[in-house]
Amino acid sequence: MSSSTTALAQRTVLFDFHVSKGARMVPFAGWEMPVQYSGIIEEHLAVRQNAGLFDVSHMGECRVNGSQSAAFLDSICTNSIANLNNGQARYTILCQPNGGCVDDIIVYRCSENEFFICLNASNAAKDIAWMQKHTPGFNCTVTDECADWAQLALQGPKAEAILQPLTATALAEIPSFNFREGTVAGTKTIISRTGYTGERGFELYIHPSQAVALAEKLLHAGTAHGLKLAGLGARDSLRLEAGYPLYGHEISETISPLQAGLGWAVKLKKESNFIGKPSLLAEKESNNRPRVIHFKLADKRIARADTEVVNNSGIVGKVLSGTHSPSLGYPIGSALVEQNALVGALAVRIRDKDYSLEIVRPPFLKTSLHP
Amino acid sequence: MNNIPSDIKYTKDHEWLKIEGDHVIVGITHHAQGSLGDITFVELPAIGNGYAAGETFGVVESVKAASDLYMPIAGEVIAINDSLERNPECVNESPYNEGWMIKVKPLNLHDVERLLTADQYKKLL
């Protein structure tokens, strides 16, 4: 129950802001981040019902420039990049040659030859090194912009109503996974209709010097709409209810995107012979690969990461993520399970006691993004 | 910020104990519930179970983590707070009153004297 602090943890520009708003700060991916303000359940429900504001400035960014940027990205990304329009964004995986995941990222096309990329905090340095290692042979450069951006995520059914009065950009005209460069409350902002909660909303990229002022303005504008500050605790329970993967849990260097159920983001038919493609093709042919499943439990105990998954013949998998679903009021989770064990009864073993699980295809509930 | 009543005893594991006649009431402290965050489940022992001091008698689970509950002193469980099954959030809202967990008949009531006072507990936090 004690919280440890890491000497080397970085702080986002919003650190003092969080503390002043009553946040509990915890180490996460090398950063000191707010895990909660008023309470995880309250913040989670605010995002589902109204809106929540998250500091996600720990996320990494980089930019790819040059005449062969698109071809380069197609050579390292599982999803298609060259067919993106300017102003469009796409979720993709970077794979290793063996099909394991280097990271999952979002690629934004700014212009014909320029792409902006959002990276997971824990992987940002590794990703940028990985990209730079693979640029030879392509006319393009990869520039680290991690220190150049702060990021706020405004998520929930009321997000658009809160944000629109603060910007001249017509938000209703930005489709999902598209972005515009505009201003919000006088601050130059990349306004992206993306998120990690299962709700409609925006991710706002801004210069770090503007982050506190913008957060205060959004908070002020959102109060009447029920906007609450939300921390990483709610972010995790929201993304798990929506069925979104978290690197190091549902995807990792040992769990491929196909195992994780992300086949929709793996374009095995695209022309580019991207890194990992031969392994993923072989894996697709195999009929006995482990699979990531999502589940709910009838009991109250939460099956946390690394809990064993069992059937009547023994251990057949392990839990990857597990939490209490604030929206549904029961425990939910994800697990990696041997494919041949997927037919038949499964249970999680918590402290030597088995609790039967029910496989659920996510999202676990209807949301504004998945009505 | 921390609520530490001076009329009860404490353990380093953040349980509290209050003497009530010839038995004692046990729960977790305000600090403990705050560290755990939103509590979603409390597993309590069967009435009649006996435990040594320091033994695990139950589990409290929050959105963030599961945590064992430790017996402050040796004794037998004579009552449990059934209402926590339906309202585990009681532990967050009222850790010293409605959020109590078990009543124990101590093996030796004098064992209570070895527990921490409010001042001693405060120094641990």
# chains A, B, ... in the order shown; residues from 1 in each chain; ligands from 1

$ interface_residues --of "chain B" --to "chain A" --cutoff "9 Å" --atoms "only C-alpha atoms" --output "list of chain:residue names"
B:Asp13, B:Ala32, B:Ser35, B:Leu36, B:Gly37, B:Asp38, B:Thr40, B:Phe41, B:Val42, B:Glu43, B:Glu61, B:Ser62, B:Val63, B:Lys64, B:Ala65, B:Ala66, B:Ser67

$ select_by_dssp --residues "chain B" --states "strand (DSSP E or B)" --output "MDAnalysis selection string"
chainID B and resid 9:10 15:20 23:28 39:43 50:51 56:62 66:70 75:80 102:106 116

$ write_last_selection --atoms "C-alpha atoms" --output "compact mmCIF listing (two decimals), in the first residue's frame"
# COMPACT_ATOMS: atom_id res chain seq x y z
CA LYS B 9 -4.94 1.39 18.60
CA TYR B 10 -3.09 0.80 15.34
CA GLU B 15 -5.35 -1.79 10.73
CA TRP B 16 -7.06 -0.18 13.70
CA LEU B 17 -8.44 -1.85 16.81
CA LYS B 18 -10.94 -0.58 19.31
CA ILE B 19 -11.76 -2.18 22.66
CA GLU B 20 -15.46 -2.68 23.33
CA HIS B 23 -13.96 -7.95 22.69
CA VAL B 24 -12.34 -5.75 20.06
CA ILE B 25 -13.40 -4.27 16.71
CA VAL B 26 -10.97 -4.25 13.78
CA GLY B 27 -10.89 -2.26 10.55
CA ILE B 28 -8.44 -0.41 8.29
CA ILE B 39 -12.72 -0.23 -2.60
CA THR B 40 -14.75 -2.73 -4.62
CA PHE B 41 -14.65 -5.88 -2.49
CA VAL B 42 -13.94 -7.00 1.05
CA GLU B 43 -13.45 -10.70 1.81
CA GLY B 50 -9.27 -18.29 15.15
CA TYR B 51 -6.12 -16.46 14.10
CA THR B 56 -4.16 -12.92 7.22
CA PHE B 57 -7.88 -12.84 8.02
CA GLY B 58 -9.21 -11.37 4.79
CA VAL B 59 -8.61 -9.35 1.66
CA VAL B 60 -9.59 -5.85 0.66
CA GLU B 61 -9.64 -5.11 -3.03
CA SER B 62 -9.75 -1.73 -4.75
CA ALA B 66 -5.66 -6.25 -3.62
CA SER B 67 -4.32 -6.08 -0.09
CA ASP B 68 -4.29 -8.63 2.74
CA LEU B 69 -5.87 -7.86 6.08
CA TYR B 70 -3.79 -8.83 9.13
CA GLY B 75 -8.23 -14.25 18.85
CA GLU B 76 -11.47 -15.67 17.51
CA VAL B 77 -13.78 -13.92 15.06
CA ILE B 78 -17.17 -13.46 16.72
CA ALA B 79 -18.84 -11.16 14.17
CA ILE B 80 -18.24 -9.75 10.71
CA ILE B 102 -14.59 -7.90 12.25
CA LYS B 103 -15.22 -8.28 15.96
CA VAL B 104 -12.71 -10.48 17.78
CA LYS B 105 -12.66 -12.20 21.14
CA PRO B 106 -8.98 -11.80 22.06
CA LEU B 116 0.67 1.42 18.35

$ closest_residue --among "B:Leu44, B:Met101, B:Leu109, B:Leu125" --to "B:Asn3" --atoms "only C-alpha atoms"
B:Leu125

$ residues_around --residues "A:Leu357" --least-positions-apart "4" --cutoff "8 Å" --atoms "only C-alpha atoms" --output "NGL selection string"
:A and (295-298 or 345-348)

$ closest_residue --among "A:Asn139, A:Ser368, A:Ser111, A:Gln88" --to "A:Gln68" --atoms "only C-alpha atoms"
A:Asn139

$ residues_around --residues "A:Gly87" --least-positions-apart "2" --cutoff "7 Å" --atoms "only C-alpha atoms" --output "ChimeraX atom specification"
/A:85,89,108-110,178-180

$ write_last_selection --atoms "N, CA, C and O atoms" --output "short mmCIF file (atom, residue, chain, number, x, y, z; two decimals), in the first residue's frame"
data_model
loop_
_atom_site.label_atom_id
_atom_site.label_comp_id
_atom_site.auth_asym_id
_atom_site.auth_seq_id
_atom_site.Cartn_x
_atom_site.Cartn_y
_atom_site.Cartn_z
N ASN A 85 -4.89 10.33 -46.40
CA ASN A 85 -5.03 11.69 -46.90
C ASN A 85 -4.37 12.66 -45.93
O ASN A 85 -4.21 12.33 -44.74
N ALA A 89 -5.38 10.35 -39.73
CA ALA A 89 -4.51 9.65 -38.78
C ALA A 89 -4.81 8.16 -38.85
O ALA A 89 -5.91 7.77 -39.24
N TYR A 108 0.06 10.47 -38.15
CA TYR A 108 -0.72 11.57 -38.68
C TYR A 108 -0.07 12.06 -39.98
O TYR A 108 1.12 12.37 -39.98
N ARG A 109 -0.85 12.16 -41.05
CA ARG A 109 -0.26 12.71 -42.28
C ARG A 109 -0.52 14.22 -42.32
O ARG A 109 -1.66 14.66 -42.46
N CYS A 110 0.58 15.00 -42.23
CA CYS A 110 0.47 16.46 -42.26
C CYS A 110 0.45 16.97 -43.69
O CYS A 110 -0.26 17.92 -44.02
N ASN A 178 -9.17 11.81 -37.73
CA ASN A 178 -8.70 12.92 -38.56
C ASN A 178 -8.28 14.02 -37.61
O ASN A 178 -8.64 14.01 -36.44
N PHE A 179 -7.50 14.96 -38.13
CA PHE A 179 -7.02 16.06 -37.29
C PHE A 179 -6.94 17.34 -38.10
O PHE A 179 -6.93 17.31 -39.33
N ARG A 180 -6.90 18.46 -37.38
CA ARG A 180 -6.72 19.77 -38.01
C ARG A 180 -5.71 20.54 -37.17
O ARG A 180 -5.66 20.38 -35.96
#

$ residues_around --residues "B:Lys122" --least-positions-apart "5" --cutoff "9 Å" --atoms "only C-alpha atoms" --output "VMD selection string"
chain B and resid 2 4 117

$ atom_distance --atom1 "atom CA of A:Asn311" --atom2 "atom CA of A:Ala335"
13.4 Å

$ residues_around --residues "A:Leu204" --least-positions-apart "5" --cutoff "7 Å" --atoms "only C-alpha atoms" --output "PyMOL selection string"
chain A and resi 151-153+189-192

$ write_last_selection --atoms "all heavy atoms" --output "mmCIF file, in the first residue's frame"
data_model
loop_
_atom_site.group_PDB
_atom_site.id
_atom_site.type_symbol
_atom_site.label_atom_id
_atom_site.label_comp_id
_atom_site.auth_asym_id
_atom_site.auth_seq_id
_atom_site.Cartn_x
_atom_site.Cartn_y
_atom_site.Cartn_z
ATOM 1 N N GLN A 151 0.461 17.138 -24.251
ATOM 2 C CA GLN A 151 -0.772 16.611 -24.841
ATOM 3 C C GLN A 151 -1.867 16.493 -23.784
ATOM 4 O O GLN A 151 -1.638 15.955 -22.700
ATOM 5 C CB GLN A 151 -0.499 15.234 -25.479
ATOM 6 C CG GLN A 151 -1.656 14.751 -26.332
ATOM 7 C CD GLN A 151 -1.541 13.298 -26.798
ATOM 8 O OE1 GLN A 151 -2.565 12.651 -27.016
ATOM 9 N NE2 GLN A 151 -0.343 12.782 -26.947
ATOM 10 N N LEU A 152 -3.035 17.028 -24.138
ATOM 11 C CA LEU A 152 -4.209 16.901 -23.271
ATOM 12 C C LEU A 152 -5.255 16.093 -24.022
ATOM 13 O O LEU A 152 -5.470 16.308 -25.212
ATOM 14 C CB LEU A 152 -4.792 18.290 -22.943
ATOM 15 C CG LEU A 152 -3.889 19.224 -22.141
ATOM 16 C CD1 LEU A 152 -4.497 20.627 -22.085
ATOM 17 C CD2 LEU A 152 -3.685 18.685 -20.732
ATOM 18 N N ALA A 153 -5.885 15.158 -23.330
ATOM 19 C CA ALA A 153 -6.965 14.385 -23.947
ATOM 20 C C ALA A 153 -8.278 14.817 -23.308
ATOM 21 O O ALA A 153 -8.434 14.761 -22.087
ATOM 22 C CB ALA A 153 -6.734 12.891 -23.750
ATOM 23 N N THR A 189 -2.695 24.585 -31.816
ATOM 24 C CA THR A 189 -3.012 23.227 -31.352
ATOM 25 C C THR A 189 -3.219 22.271 -32.529
ATOM 26 O O THR A 189 -3.832 22.649 -33.530
ATOM 27 C CB THR A 189 -4.332 23.249 -30.536
ATOM 28 O OG1 THR A 189 -4.222 24.213 -29.485
ATOM 29 C CG2 THR A 189 -4.639 21.880 -29.936
ATOM 30 N N ILE A 190 -2.703 21.063 -32.388
ATOM 31 C CA ILE A 190 -3.122 19.989 -33.300
ATOM 32 C C ILE A 190 -4.339 19.360 -32.644
ATOM 33 O O ILE A 190 -4.268 18.822 -31.531
ATOM 34 C CB ILE A 190 -2.020 18.927 -33.483
ATOM 35 C CG1 ILE A 190 -0.758 19.548 -34.115
ATOM 36 C CG2 ILE A 190 -2.543 17.767 -34.359
ATOM 37 C CD1 ILE A 190 0.422 18.556 -34.198
ATOM 38 N N ILE A 191 -5.490 19.494 -33.318
ATOM 39 C CA ILE A 191 -6.755 18.979 -32.782
ATOM 40 C C ILE A 191 -7.031 17.647 -33.464
ATOM 41 O O ILE A 191 -7.321 17.606 -34.653
ATOM 42 C CB ILE A 191 -7.918 19.960 -33.060
ATOM 43 C CG1 ILE A 191 -7.575 21.363 -32.541
ATOM 44 C CG2 ILE A 191 -9.220 19.438 -32.452
ATOM 45 C CD1 ILE A 191 -8.544 22.452 -33.017
ATOM 46 N N SER A 192 -6.931 16.573 -32.698
ATOM 47 C CA SER A 192 -7.057 15.237 -33.274
ATOM 48 C C SER A 192 -8.277 14.540 -32.700
ATOM 49 O O SER A 192 -8.446 14.487 -31.477
ATOM 50 C CB SER A 192 -5.796 14.442 -32.936
ATOM 51 O OG SER A 192 -5.964 13.080 -33.244
#

$ select_by_dssp --residues "chain B" --states "alpha helix (DSSP H)" --output "list of chain:residue names"
B:His30, B:His31, B:Ala32, B:Gln33, B:Gly34, B:Ser35, B:Leu36, B:Ser83, B:Leu84, B:Glu85, B:Arg86, B:Cys90, B:Val91, B:Asn92, B:Glu93, B:Ala118, B:Asp119, B:Gln120, B:Tyr121, B:Lys122, B:Lys123, B:Leu124

$ write_last_selection --atoms "C-alpha atoms" --output "CSV table (one decimal), in the first residue's frame"
chain,number,residue,atom,x,y,z
B,30,HIS,CA,-8.3,6.3,6.9
B,31,HIS,CA,-4.8,6.3,5.5
B,32,ALA,CA,-5.2,2.8,4.3
B,33,GLN,CA,-8.5,3.3,2.5
B,34,GLY,CA,-7.0,6.5,0.9
B,35,SER,CA,-4.0,4.6,-0.4
B,36,LEU,CA,-6.1,1.8,-1.8
B,83,SER,CA,-23.0,-5.0,5.0
B,84,LEU,CA,-19.6,-4.6,3.4
B,85,GLU,CA,-20.5,-7.3,0.9
B,86,ARG,CA,-23.0,-5.0,-0.7
B,90,CYS,CA,-18.4,2.1,3.2
B,91,VAL,CA,-14.7,1.4,4.1
B,92,ASN,CA,-13.8,4.5,2.0
B,93,GLU,CA,-16.5,6.7,3.4
B,118,ALA,CA,-2.3,7.2,17.6
B,119,ASP,CA,0.9,9.3,18.0
B,120,GLN,CA,3.1,6.3,17.2
B,121,TYR,CA,1.1,5.5,14.2
B,122,LYS,CA,1.1,9.1,12.9
B,123,LYS,CA,4.9,8.9,12.9
B,124,LEU,CA,4.8,6.0,10.4

$ atom_distance --atom1 "atom CA of A:Pro157" --atom2 "atom CA of A:Gly52"
9.6 Å

$ atom_distance --atom1 "atom CA of B:Trp100" --atom2 "atom CA of A:Glu43"
26.3 Å

$ residues_around --residues "A:Thr92" --least-positions-apart "3" --cutoff "9 Å" --atoms "only C-alpha atoms" --output "VMD selection string"
chain A and resid 77 to 81 103 to 107 265 to 266

$ write_last_selection --atoms "N, CA, C and O atoms" --output "JSON list (two decimals), in the first residue's frame"
[["chain", "number", "residue", "atom", "x", "y", "z"],
["A", 77, "CYS", "N", 5.46, -0.24, -40.75],
["A", 77, "CYS", "CA", 4.14, -0.27, -40.11],
["A", 77, "CYS", "C", 3.30, -1.41, -40.67],
["A", 77, "CYS", "O", 3.33, -1.68, -41.87],
["A", 78, "THR", "N", 2.51, -2.06, -39.81],
["A", 78, "THR", "CA", 1.65, -3.14, -40.27],
["A", 78, "THR", "C", 0.44, -2.61, -41.04],
["A", 78, "THR", "O", -0.08, -3.29, -41.90],
["A", 79, "ASN", "N", -0.01, -1.41, -40.70],
["A", 79, "ASN", "CA", -1.17, -0.83, -41.38],
["A", 79, "ASN", "C", -0.72, -0.04, -42.61],
["A", 79, "ASN", "O", 0.47, 0.25, -42.75],
["A", 80, "SER", "N", -1.65, 0.33, -43.48],
["A", 80, "SER", "CA", -1.32, 1.08, -44.70],
["A", 80, "SER", "C", -1.13, 2.55, -44.36],
["A", 80, "SER", "O", -1.96, 3.14, -43.67],
["A", 81, "ILE", "N", -0.08, 3.14, -44.87],
["A", 81, "ILE", "CA", 0.23, 4.54, -44.59],
["A", 81, "ILE", "C", 0.13, 5.40, -45.86],
["A", 81, "ILE", "O", -0.43, 6.50, -45.83],
["A", 103, "ASP", "N", 5.91, -1.45, -30.78],
["A", 103, "ASP", "CA", 5.00, -0.48, -30.16],
["A", 103, "ASP", "C", 3.72, -0.40, -30.98],
["A", 103, "ASP", "O", 3.68, -0.87, -32.12],
["A", 104, "ASP", "N", 2.68, 0.18, -30.40],
["A", 104, "ASP", "CA", 1.54, 0.61, -31.21],
["A", 104, "ASP", "C", 1.52, 2.13, -31.18],
["A", 104, "ASP", "O", 1.77, 2.74, -30.15],
["A", 105, "ILE", "N", 1.27, 2.73, -32.36],
["A", 105, "ILE", "CA", 1.47, 4.17, -32.53],
["A", 105, "ILE", "C", 0.32, 4.75, -33.37],
["A", 105, "ILE", "O", -0.46, 4.00, -33.96],
["A", 106, "ILE", "N", 0.24, 6.08, -33.39],
["A", 106, "ILE", "CA", -0.70, 6.73, -34.32],
["A", 106, "ILE", "C", 0.12, 7.61, -35.26],
["A", 106, "ILE", "O", 0.96, 8.42, -34.81],
["A", 107, "VAL", "N", -0.11, 7.42, -36.54],
["A", 107, "VAL", "CA", 0.60, 8.18, -37.58],
["A", 107, "VAL", "C", -0.35, 9.21, -38.17],
["A", 107, "VAL", "O", -1.45, 8.87, -38.61],
["A", 265, "ALA", "N", -5.58, -4.05, -38.17],
["A", 265, "ALA", "CA", -4.52, -3.06, -38.33],
["A", 265, "ALA", "C", -3.26, -3.69, -38.94],
["A", 265, "ALA", "O", -2.19, -3.09, -38.94],
["A", 266, "VAL", "N", -3.40, -4.91, -39.43],
["A", 266, "VAL", "CA", -2.27, -5.61, -40.06],
["A", 266, "VAL", "C", -2.67, -5.91, -41.49],
["A", 266, "VAL", "O", -3.51, -6.79, -41.74]]
